[in-house]
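J.: Quick one, final.txt (compact mmCIF, C-alpha atoms):
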```txt
# COMPACT_ATOMS: atom_id res chain seq x y z
CA MET Q 23 0.00 0.00 0.00
CA THR Q 24 2.88 2.34 0.76
CA GLU Q 25 4.42 1.82 -2.68
CA ARG Q 26 1.08 2.37 -4.39
CA ALA Q 27 0.50 5.53 -2.38
CA LEU Q 28 3.79 6.93 -3.71
CA VAL Q 29 2.94 6.33 -7.36
CA ALA Q 30 0.65 9.35 -7.77
CA PRO Q 31 3.01 11.92 -6.14
CA ILE Q 32 5.94 10.55 -8.13
CA CYS Q 33 3.99 10.81 -11.39
CA ILE Q 34 2.92 14.37 -10.58
CA LEU Q 35 6.49 15.38 -9.77
CA ALA Q 36 7.72 13.73 -12.98
CA ILE Q 37 5.15 15.62 -15.06
CA ILE Q 38 6.10 18.91 -13.40
CA ALA Q 39 9.79 18.20 -14.05
CA VAL Q 40 9.16 17.39 -17.72
CA VAL Q 41 7.02 20.50 -18.27
CA THR Q 42 9.61 22.68 -16.54
CA ALA Q 43 12.37 21.20 -18.69
CA LEU Q 44 10.35 21.78 -21.88
CA TYR Q 45 9.68 25.39 -20.89
CA THR Q 46 13.23 26.15 -19.76
CA ALA Q 47 14.93 24.49 -22.73
CA ALA Q 48 12.52 25.88 -25.33
CA SER Q 49 15.30 27.52 -27.33
CA VAL Q 50 16.99 24.12 -27.69
CA LEU Q 51 14.04 21.71 -27.92
CA ALA Q 52 11.71 23.74 -30.15
CA PRO Q 53 14.12 23.74 -33.16
CA VAL Q 54 14.68 20.00 -32.66
CA ALA Q 55 10.93 19.33 -32.64
CA CYS Q 56 10.49 21.45 -35.76
CA ALA Q 57 13.36 19.66 -37.50
CA LEU Q 58 11.90 16.22 -36.68
CA PHE Q 59 8.55 17.39 -38.01
CA LEU Q 60 10.11 18.59 -41.27
CA ILE Q 61 12.17 15.41 -41.63
CA ALA Q 62 8.96 13.39 -41.36
CA LEU Q 63 7.44 15.53 -44.13
CA VAL Q 64 10.33 15.50 -46.61
CA TRP Q 65 11.85 12.05 -46.04
CA PRO Q 66 9.87 10.43 -48.92
CA LEU Q 67 11.19 13.14 -51.25
CA GLN Q 68 14.73 12.43 -50.07
CA GLN Q 69 14.28 8.69 -50.70
CA ASN Q 70 12.85 9.20 -54.18
CA LEU Q 71 15.58 11.63 -55.21
CA GLN Q 72 18.30 9.25 -54.00
CA ARG Q 73 17.16 6.69 -56.56
CA PHE Q 74 18.65 8.70 -59.42
CA LEU Q 75 20.79 11.35 -57.68
CA PRO Q 76 23.80 11.11 -55.36
CA LYS Q 77 22.79 11.29 -51.69
CA LEU Q 78 24.38 14.68 -51.03
CA LEU Q 79 22.87 16.22 -54.16
CA ALA Q 80 19.44 14.88 -53.23
CA LEU Q 81 19.93 16.27 -49.74
CA ALA Q 82 20.79 19.70 -51.18
CA VAL Q 83 17.60 19.67 -53.28
CA VAL Q 84 15.46 18.74 -50.26
CA VAL Q 85 17.01 21.45 -48.09
CA CYS Q 86 16.41 24.01 -50.85
CA VAL Q 87 12.77 22.91 -50.99
CA VAL Q 88 12.46 23.39 -47.20
CA VAL Q 89 14.06 26.83 -47.32
CA LEU Q 90 11.93 27.89 -50.29
CA GLY Q 91 8.75 26.70 -48.57
CA PHE Q 92 9.55 28.66 -45.43
CA PHE Q 93 10.47 31.76 -47.43
CA VAL Q 94 7.23 31.71 -49.42
CA PHE Q 95 5.09 31.13 -46.33
CA ALA Q 96 6.85 33.79 -44.24
CA SER Q 97 6.78 36.28 -47.11
CA ALA Q 98 3.05 35.79 -47.63
CA ALA Q 99 2.29 36.25 -43.93
CA THR Q 100 4.56 39.30 -43.66
CA TRP Q 101 3.02 40.84 -46.79
CA GLY Q 102 -0.53 40.47 -45.52
CA PHE Q 103 0.09 41.73 -41.99
CA SER Q 104 2.42 44.55 -43.04
CA ARG Q 105 0.06 46.00 -45.66
CA ILE Q 106 -2.87 46.03 -43.27
CA GLY Q 107 -0.67 47.35 -40.47
CA ARG Q 108 0.52 50.26 -42.63
CA SER Q 109 -3.09 51.04 -43.53
CA VAL Q 110 -4.10 51.11 -39.87
CA ILE Q 111 -1.17 53.40 -39.03
CA ALA Q 112 -1.93 55.76 -41.94
CA ASP Q 113 -5.63 56.05 -41.01
CA SER Q 114 -5.18 55.79 -37.25
CA ALA Q 115 -6.92 59.10 -36.47
CA ARG Q 116 -10.02 58.21 -38.51
CA PHE Q 117 -10.17 54.71 -37.08
CA GLN Q 118 -9.85 56.02 -33.53
CA LEU Q 119 -12.69 58.48 -34.15
CA LEU Q 120 -14.94 55.74 -35.53
CA TYR Q 121 -14.29 53.46 -32.59
CA GLY Q 122 -14.95 56.34 -30.20
CA GLN Q 123 -18.28 56.98 -31.90
CA LEU Q 124 -19.15 53.31 -31.63
CA ALA Q 125 -18.35 53.38 -27.92
CA ASP Q 126 -20.65 56.37 -27.47
CA TRP Q 127 -23.40 54.58 -29.40
CA LEU Q 128 -23.08 51.51 -27.22
CA GLU Q 129 -23.17 53.65 -24.08
CA GLY Q 130 -26.31 55.33 -25.36
CA HIS Q 131 -27.98 51.95 -25.70
CA GLY Q 132 -27.16 50.94 -22.15
CA ILE Q 133 -24.09 48.76 -22.81
CA VAL Q 134 -21.97 49.89 -19.88
CA VAL Q 135 -18.97 47.81 -20.89
CA ALA Q 136 -18.44 50.10 -23.85
CA GLY Q 137 -16.62 52.71 -21.74
CA VAL Q 138 -14.16 50.18 -20.41
CA TRP Q 139 -13.68 48.77 -23.90
CA ALA Q 140 -13.03 52.22 -25.38
CA GLU Q 141 -10.52 52.97 -22.62
CA HIS Q 142 -8.41 49.88 -23.21
CA PHE Q 143 -9.00 49.24 -26.90
CA ASN Q 144 -7.65 51.79 -29.32
CA VAL Q 145 -5.87 51.93 -32.64
CA GLY Q 146 -2.52 52.07 -30.89
CA TRP Q 147 -3.29 48.61 -29.53
CA LEU Q 148 -3.94 47.35 -33.08
CA VAL Q 149 -0.73 48.98 -34.30
CA ARG Q 150 1.29 47.30 -31.56
CA ILE Q 151 -0.21 43.94 -32.49
CA ALA Q 152 0.65 44.40 -36.17
CA GLN Q 153 4.16 45.55 -35.34
CA GLY Q 154 4.63 42.69 -32.88
CA VAL Q 155 3.57 40.10 -35.45
CA THR Q 156 5.93 41.55 -38.05
CA ALA Q 157 8.80 41.67 -35.56
CA ARG Q 158 8.17 38.08 -34.50
CA LEU Q 159 8.23 36.94 -38.11
CA ASN Q 160 11.58 38.67 -38.56
CA THR Q 161 13.13 37.16 -35.42
CA MET Q 162 12.11 33.68 -36.52
CA ILE Q 163 14.80 33.77 -39.20
CA SER Q 164 17.50 32.73 -36.72
CA PHE Q 165 15.21 29.98 -35.41
CA TRP Q 166 14.78 28.58 -38.91
CA ILE Q 167 18.51 28.68 -39.64
CA VAL Q 168 19.04 26.33 -36.69
CA VAL Q 169 16.14 24.17 -37.88
CA VAL Q 170 17.61 23.84 -41.38
CA VAL Q 171 20.93 22.70 -39.90
CA TYR Q 172 19.12 20.06 -37.82
CA VAL Q 173 17.15 18.92 -40.88
CA LEU Q 174 20.36 18.64 -42.89
CA LEU Q 175 22.05 16.49 -40.25
CA GLY Q 176 18.93 14.49 -39.50
CA LEU Q 177 18.34 13.49 -43.12
CA LEU Q 178 21.93 12.27 -43.31
CA ASP Q 179 21.54 10.04 -40.24
CA THR Q 180 17.95 8.81 -40.52
CA LYS Q 181 18.75 5.39 -41.94
CA THR Q 182 21.78 5.01 -39.65
CA ILE Q 183 19.67 5.70 -36.56
CA ALA Q 184 17.14 3.07 -37.63
CA ASP Q 185 19.91 0.48 -38.16
CA ASN Q 186 21.47 1.32 -34.81
CA ALA Q 187 18.10 0.96 -33.08
CA ARG Q 188 17.66 -2.53 -34.53
CA ALA Q 189 21.16 -3.48 -33.39
CA ALA Q 190 21.12 -1.92 -29.91
CA LEU Q 191 17.56 -2.63 -28.78
CA ASP Q 192 15.59 -5.81 -28.37
CA PRO Q 193 13.30 -6.63 -31.31
CA GLY Q 194 10.11 -5.58 -29.50
CA THR Q 195 11.43 -2.18 -28.43
CA ALA Q 196 13.04 -1.55 -31.82
CA SER Q 197 9.77 -2.42 -33.54
CA VAL Q 198 7.82 0.00 -31.35
CA LEU Q 199 10.33 2.78 -32.05
CA ILE Q 200 10.74 2.23 -35.78
CA ASP Q 201 7.15 1.31 -36.63
CA GLY Q 202 5.90 4.16 -34.47
CA SER Q 203 8.19 6.59 -36.29
CA VAL Q 204 7.08 5.37 -39.72
CA GLN Q 205 3.38 5.59 -38.85
CA THR Q 206 3.85 8.98 -37.16
CA ALA Q 207 5.62 10.37 -40.21
CA ALA Q 208 2.83 9.11 -42.49
CA LYS Q 209 0.17 10.68 -40.27
CA LEU Q 210 2.02 13.98 -40.08
CA ARG Q 211 2.31 14.13 -43.87
CA ARG Q 212 -1.40 13.48 -44.16
CA TYR Q 213 -2.13 16.04 -41.47
CA MET Q 214 -0.15 18.75 -43.28
CA LEU Q 215 -1.70 17.87 -46.64
CA VAL Q 216 -5.21 18.15 -45.20
CA ARG Q 217 -4.35 21.29 -43.25
CA THR Q 218 -2.86 22.92 -46.36
CA LEU Q 219 -5.87 22.08 -48.52
CA MET Q 220 -8.26 23.40 -45.88
CA SER Q 221 -6.14 26.53 -45.43
CA VAL Q 222 -6.22 27.21 -49.17
CA ALA Q 223 -10.00 26.72 -49.18
CA THR Q 224 -10.43 28.98 -46.14
CA GLY Q 225 -8.19 31.72 -47.54
CA SER Q 226 -9.95 31.64 -50.91
CA MET Q 227 -13.41 31.88 -49.37
CA VAL Q 228 -12.34 34.69 -47.00
CA TRP Q 229 -10.91 36.59 -49.96
CA ALA Q 230 -14.12 36.07 -51.95
CA LEU Q 231 -16.34 37.13 -49.05
CA SER Q 232 -14.23 40.24 -48.38
CA ALA Q 233 -14.30 41.19 -52.06
CA VAL Q 234 -18.08 40.73 -52.31
CA PHE Q 235 -18.69 42.99 -49.31
CA GLY Q 236 -16.19 45.56 -50.54
CA LEU Q 237 -13.83 45.17 -47.60
CA ARG Q 238 -10.46 46.71 -48.33
CA PHE Q 239 -7.43 44.40 -48.64
CA ALA Q 240 -9.53 41.38 -49.58
CA ALA Q 241 -6.49 39.49 -50.88
CA GLU Q 242 -4.52 40.30 -47.73
CA TRP Q 243 -7.33 39.01 -45.50
CA GLY Q 244 -7.38 35.81 -47.54
CA VAL Q 245 -3.62 35.35 -47.14
CA ILE Q 246 -3.86 36.00 -43.40
CA ALA Q 247 -6.69 33.47 -43.08
CA PHE Q 248 -4.59 30.95 -45.04
CA THR Q 249 -1.54 31.33 -42.81
CA LEU Q 250 -3.41 31.45 -39.50
CA ASN Q 251 -5.51 28.40 -40.33
CA TYR Q 252 -2.46 26.22 -39.60
CA ILE Q 253 -3.02 26.99 -35.90
CA PRO Q 254 -6.22 25.26 -34.73
CA PHE Q 255 -8.80 27.30 -32.80
CA ILE Q 256 -6.57 30.33 -32.14
CA GLY Q 257 -5.73 30.98 -35.80
CA PRO Q 258 -9.33 30.95 -37.11
CA LEU Q 259 -10.40 33.11 -34.15
CA VAL Q 260 -7.83 35.79 -35.00
CA ALA Q 261 -8.52 35.47 -38.75
CA THR Q 262 -12.20 36.13 -38.04
CA SER Q 263 -11.83 38.92 -35.48
CA LEU Q 264 -9.35 41.15 -37.33
CA PRO Q 265 -11.39 41.60 -40.55
CA THR Q 266 -14.49 42.23 -38.43
CA LEU Q 267 -12.79 45.03 -36.51
CA TYR Q 268 -11.42 46.49 -39.72
CA ALA Q 269 -14.87 46.31 -41.32
CA LEU Q 270 -16.31 48.17 -38.36
CA ALA Q 271 -13.80 50.95 -38.91
CA GLN Q 272 -14.13 51.03 -42.70
CA PHE Q 273 -17.91 51.01 -42.98
CA GLY Q 274 -18.72 52.64 -39.65
CA SER Q 275 -21.68 50.33 -39.37
CA PRO Q 276 -22.13 47.63 -36.71
CA GLN Q 277 -24.58 45.87 -39.00
CA ALA Q 278 -22.00 45.53 -41.78
CA ALA Q 279 -19.37 44.29 -39.31
CA ILE Q 280 -21.79 41.74 -37.83
CA THR Q 281 -22.69 40.50 -41.31
CA ILE Q 282 -19.04 40.01 -42.24
CA PHE Q 283 -18.36 38.39 -38.87
CA ALA Q 284 -21.24 35.96 -39.42
CA GLY Q 285 -20.04 35.13 -42.93
CA LEU Q 286 -16.49 34.47 -41.75
CA ASN Q 287 -17.74 32.22 -38.96
CA VAL Q 288 -19.88 30.24 -41.40
CA ILE Q 289 -16.76 29.65 -43.51
CA GLN Q 290 -14.67 28.59 -40.52
CA PHE Q 291 -17.40 26.32 -39.17
CA ALA Q 292 -18.17 24.66 -42.50
CA ILE Q 293 -14.52 23.92 -43.27
CA GLY Q 294 -13.22 23.25 -39.76
CA SER Q 295 -16.15 21.30 -38.33
CA TYR Q 296 -17.65 19.58 -41.36
CA ILE Q 297 -15.30 19.28 -44.35
CA GLU Q 298 -11.91 18.85 -42.65
CA PRO Q 299 -12.86 15.95 -40.32
CA ARG Q 300 -14.25 14.02 -43.30
CA VAL Q 301 -11.20 14.67 -45.44
CA ALA Q 302 -8.75 13.84 -42.63
CA GLY Q 303 -10.44 10.55 -41.77
CA TYR Q 304 -10.30 8.54 -38.56
CA ALA Q 305 -6.51 8.13 -38.54
CA LEU Q 306 -6.00 11.80 -37.64
CA ALA Q 307 -9.03 12.10 -35.39
CA VAL Q 308 -8.31 13.45 -31.91
CA SER Q 309 -10.69 14.53 -29.20
CA PRO Q 310 -11.56 18.24 -29.66
CA PHE Q 311 -10.76 18.84 -26.00
CA VAL Q 312 -7.30 17.31 -26.49
CA VAL Q 313 -6.73 19.46 -29.59
CA LEU Q 314 -7.66 22.64 -27.73
CA PHE Q 315 -5.55 21.68 -24.73
CA SER Q 316 -2.59 20.86 -26.98
CA VAL Q 317 -2.76 24.25 -28.68
CA PHE Q 318 -2.86 26.23 -25.43
CA PHE Q 319 -0.40 23.99 -23.58
CA TRP Q 320 2.31 24.10 -26.25
CA SER Q 321 1.72 27.78 -26.98
CA PHE Q 322 2.34 28.42 -23.28
CA LEU Q 323 5.60 26.46 -23.49
CA TRP Q 324 6.91 27.52 -26.90
CA GLY Q 325 4.86 30.52 -28.03
CA VAL Q 326 3.44 30.78 -31.55
CA PHE Q 327 5.46 27.82 -32.80
CA GLY Q 328 4.10 25.74 -29.94
CA ALA Q 329 0.55 26.56 -31.00
CA PHE Q 330 1.38 25.27 -34.47
CA ILE Q 331 3.29 22.14 -33.42
CA GLY Q 332 0.99 21.16 -30.53
CA VAL Q 333 -1.44 19.03 -32.55
CA PRO Q 334 1.32 17.21 -34.52
CA ILE Q 335 3.05 16.39 -31.22
CA THR Q 336 -0.24 15.02 -29.88
CA ILE Q 337 -0.70 12.90 -33.00
CA ALA Q 338 2.84 11.57 -32.59
CA VAL Q 339 2.36 10.72 -28.91
CA LEU Q 340 -0.93 8.90 -29.55
CA THR Q 341 0.61 6.99 -32.46
CA TYR Q 342 3.50 5.77 -30.31
CA CYS Q 343 1.08 4.84 -27.54
CA MET Q 344 -0.80 2.62 -29.97
CA GLN Q 345 2.34 0.55 -30.59
CA SER Q 346 2.44 -0.99 -27.11
CA PRO Q 347 -0.36 -2.82 -25.26
CA SER Q 348 0.68 -1.16 -21.99
CA THR Q 349 0.07 2.37 -23.36
CA ARG Q 350 -2.66 1.71 -25.93
CA TRP Q 351 -5.29 2.79 -23.45
CA VAL Q 352 -3.91 6.35 -23.62
CA ALA Q 353 -4.59 6.55 -27.37
CA GLN Q 354 -8.04 5.03 -26.90
CA LEU Q 355 -8.85 7.42 -24.04
CA LEU Q 356 -7.75 10.59 -25.83
CA GLY Q 357 -9.06 9.63 -29.25
CA PRO Q 358 -12.48 10.59 -30.61
CA PRO Q 359 -15.68 8.82 -29.60
CA GLY Q 360 -16.61 5.83 -31.70
CA ARG Q 361 -14.77 2.75 -32.78
CA ILE Q 362 -11.35 1.85 -31.35
CA PRO Q 363 -8.50 2.33 -33.85
CA ASN Q 364 -6.32 -0.58 -34.89
CA ARG Q 365 -2.61 -0.64 -34.16
CA ASP Q 366 -1.66 -0.42 -37.83
CA GLU Q 367 -4.24 2.19 -38.82
CA THR Q 368 -2.70 5.26 -40.47
```
Kindly transcribe the structure held in the file into structure tokens.
T.:
Amino acid sequence: MTERALVAPICILAIIAVVTALYTAASVLAPVACALFLIALVWPLQQNLQRFLPKLLALAVVVCVVVLGFFVFASAATWGFSRIGRSVIADSARFQLLYGQLADWLEGHGIVVAGVWAEHFNVGWLVRIAQGVTARLNTMISFWIVVVVYVLLGLLDTKTIADNARAALDPGTASVLIDGSVQTAAKLRRYMLVRTLMSVATGSMVWALSAVFGLRFAAEWGVIAFTLNYIPFIGPLVATSLPTLYALAQFGSPQAAITIFAGLNVIQFAIGSYIEPRVAGYALAVSPFVVLFSVFFWSFLWGVFGAFIGVPITIAVLTYCMQSPSTRWVAQLLGPPGRIPNRDET
């Protein structure tokens, strides 16, 4: 009984220690996690190129693809945020006046929270957000340089690590590690393919909706919706709120802003809650509570990158748990309601 009584406190202390280590060593562990994620995505390309190219040349092509992908994505996000940010700065006086008038209108209709909102929310707050996002995108360059180096070294040693695992570990443990890695990589590739397709669909529909309603910077809002859609829950929330606030300033009409807000939410709901789960299939299904917790938990530990990588990490953990009978209950507990997944399901 004494030993059993110590299990819970020991587990709690172990969890606290792991979380503290993840938070403290974020600058070291976050690039490693990102590199492993990218290696899982590009490893099939590396294998296919090695069939007719020397290994180092194939590696150079893959690294160039990774760098080009990051450059295009970062440039698109920076372009969208910076253009809207410059517009807000240029028209800051007019926007502040419109928001002040809205606050007065709300006060006149008995909404007492309007005064508090007007006191704390102003155009300067929006400007600081836009500037902060742009600055964060710029500081991520050093982060990605480290990631590219890890990807380069990891692609060189992937097959060697697998061979060493088979030689150093017993067959059961080696099978769990290697099979879990293969299945995790396949699921992550599928996850990113589905997420990219849904992001393109979301961005296109946001652009179309903005253009139909005459909202300025329709293309920029579409690009922002595309980039933010890679972050579950938080990204769509921001991508919906920012155009609504801008519409309120541009049109000066709460009715127009509410209409645009409703349209954007219909898009997010239709794609995120109906289309995406059916395209992703059961293999990528995770409890919505677990998804939300993963986003907030990893964003607390690693910031914006943590919000992006949280769901892939959860998918990886659940996939590894499915490889062993002793931990399979974790995957079954945290998975979606319905049938129990098979061990080899991808």
J.: Find the axis-aligned box for stretch 327-331 of chain Q, covering all its listed atoms and adding 5 Å on each side, and write its centre and edge lengths in Å to one decimal as lines of an AutoDock Vina configuration file.
T.:
```
center_x = 3.0
center_y = 25.0
center_z = -32.2
size_x = 14.9
size_y = 15.7
size_z = 14.5
```
J.: Please provide the set of residues having any atom within 12 Å of Q:Val222, restricted to all atoms listed in the file, with same-chain residues fewer than 5 positions apart removed, written as a ChimeraX atom specification.
T.: /Q:214-217,227-229,244-252,293
J.: Quick one: residues within 10 Å of stretch 269-284 of chain Q, only C-alpha atoms, excluding same-chain residues fewer than 3 positions away - as a list of chain:residue names?
T.: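 In the requested format, the answer is Q:Val110, Q:Asp113, Q:Arg116, Q:Phe117, Q:Gln118, Q:Leu119, Q:Leu120, Q:Tyr121, Q:Gln123, Q:Leu124, Q:Val228, Q:Leu231, Q:Ser232, Q:Phe235, Q:Gly236, Q:Leu237, Q:Arg238, Q:Thr262, Q:Ser263, Q:Leu264, Q:Pro265, Q:Thr266, Q:Asn287, Q:Val288, Q:Ile289, Q:Gln290.
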J.: Using all atoms listed in the file for the distances, tell me which of Q:Gln345, Q:Ser109, Q:Ser97, Q:Gln354 is nearest to Q:Ile200.
T.: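 Of Q:Gln345, Q:Ser109, Q:Ser97, Q:Gln354, the one nearest Q:Ile200, counting all atoms listed in the file, is Q:Gln345.
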J.: Go through Q:Ala207, Q:Leu340, Q:Ala99, Q:Leu323 and flag the residue nearest Q:Val41, using only C-alpha atoms for the distances.
T.: Q:Leu323
J.: Between atom CA of Q:Tyr342 and atom CA of Q:Leu314, what is the spacing in Å?
T.: 20.4 Å
J.: Taking into account all atoms listed in the file, which residue in the set Q:Glu242, Q:Pro347, Q:Asp192, Q:Val173 is nearest to Q:Ala55?
T.: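 Counting all atoms listed in the file, the residue closest to Q:Ala55 is Q:Val173.
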J.: Just checking: using only C-alpha atoms, which residue out of Q:Ala43, Q:Leu177, Q:Val89, Q:Gly102 ends up closest to Q:Ala261?
T.: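 So, comparing all the options, the nearest one is Q:Gly102.
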J.: From the set Q:Ile37, Q:Leu75, Q:Ile335, Q:Val352, which residue has the shortest atom-to-atom contact distance to Q:Leu210, counting only C-alpha atoms?
T.: Q:Ile335
J.: What gap, in Å, lies between atom CA of Q:Val87 and atom CA of Q:Ala48?
T.: 25.8 Å
J.: Between atom CA of Q:Phe165 and atom CA of Q:Pro53, what is the distance in Å, rounded to a tenth?
T.: 6.7 Å
J.: Taking into account all atoms listed in the file, which residue in the set Q:Glu298, Q:Ile106, Q:Leu259, Q:Gly202 is nearest to Q:Ser221?
T.: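 The shortest atom-to-atom distance to Q:Ser221 comes from Q:Glu298.
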J.: If we count all atoms listed in the file, what is near Q:Ala184 at a cut-off of 12 Å, once residues fewer than 6 positions away on the same chain are taken out, given as a list in words?
T.: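 Here the qualifying residues turn out to be Gly176, Leu177, Leu178, Ala190, Leu191, Ala196, Ser197, Val198, Leu199, Ile200, Asp201, Gly202, Ser203 and Val204 of chain Q.
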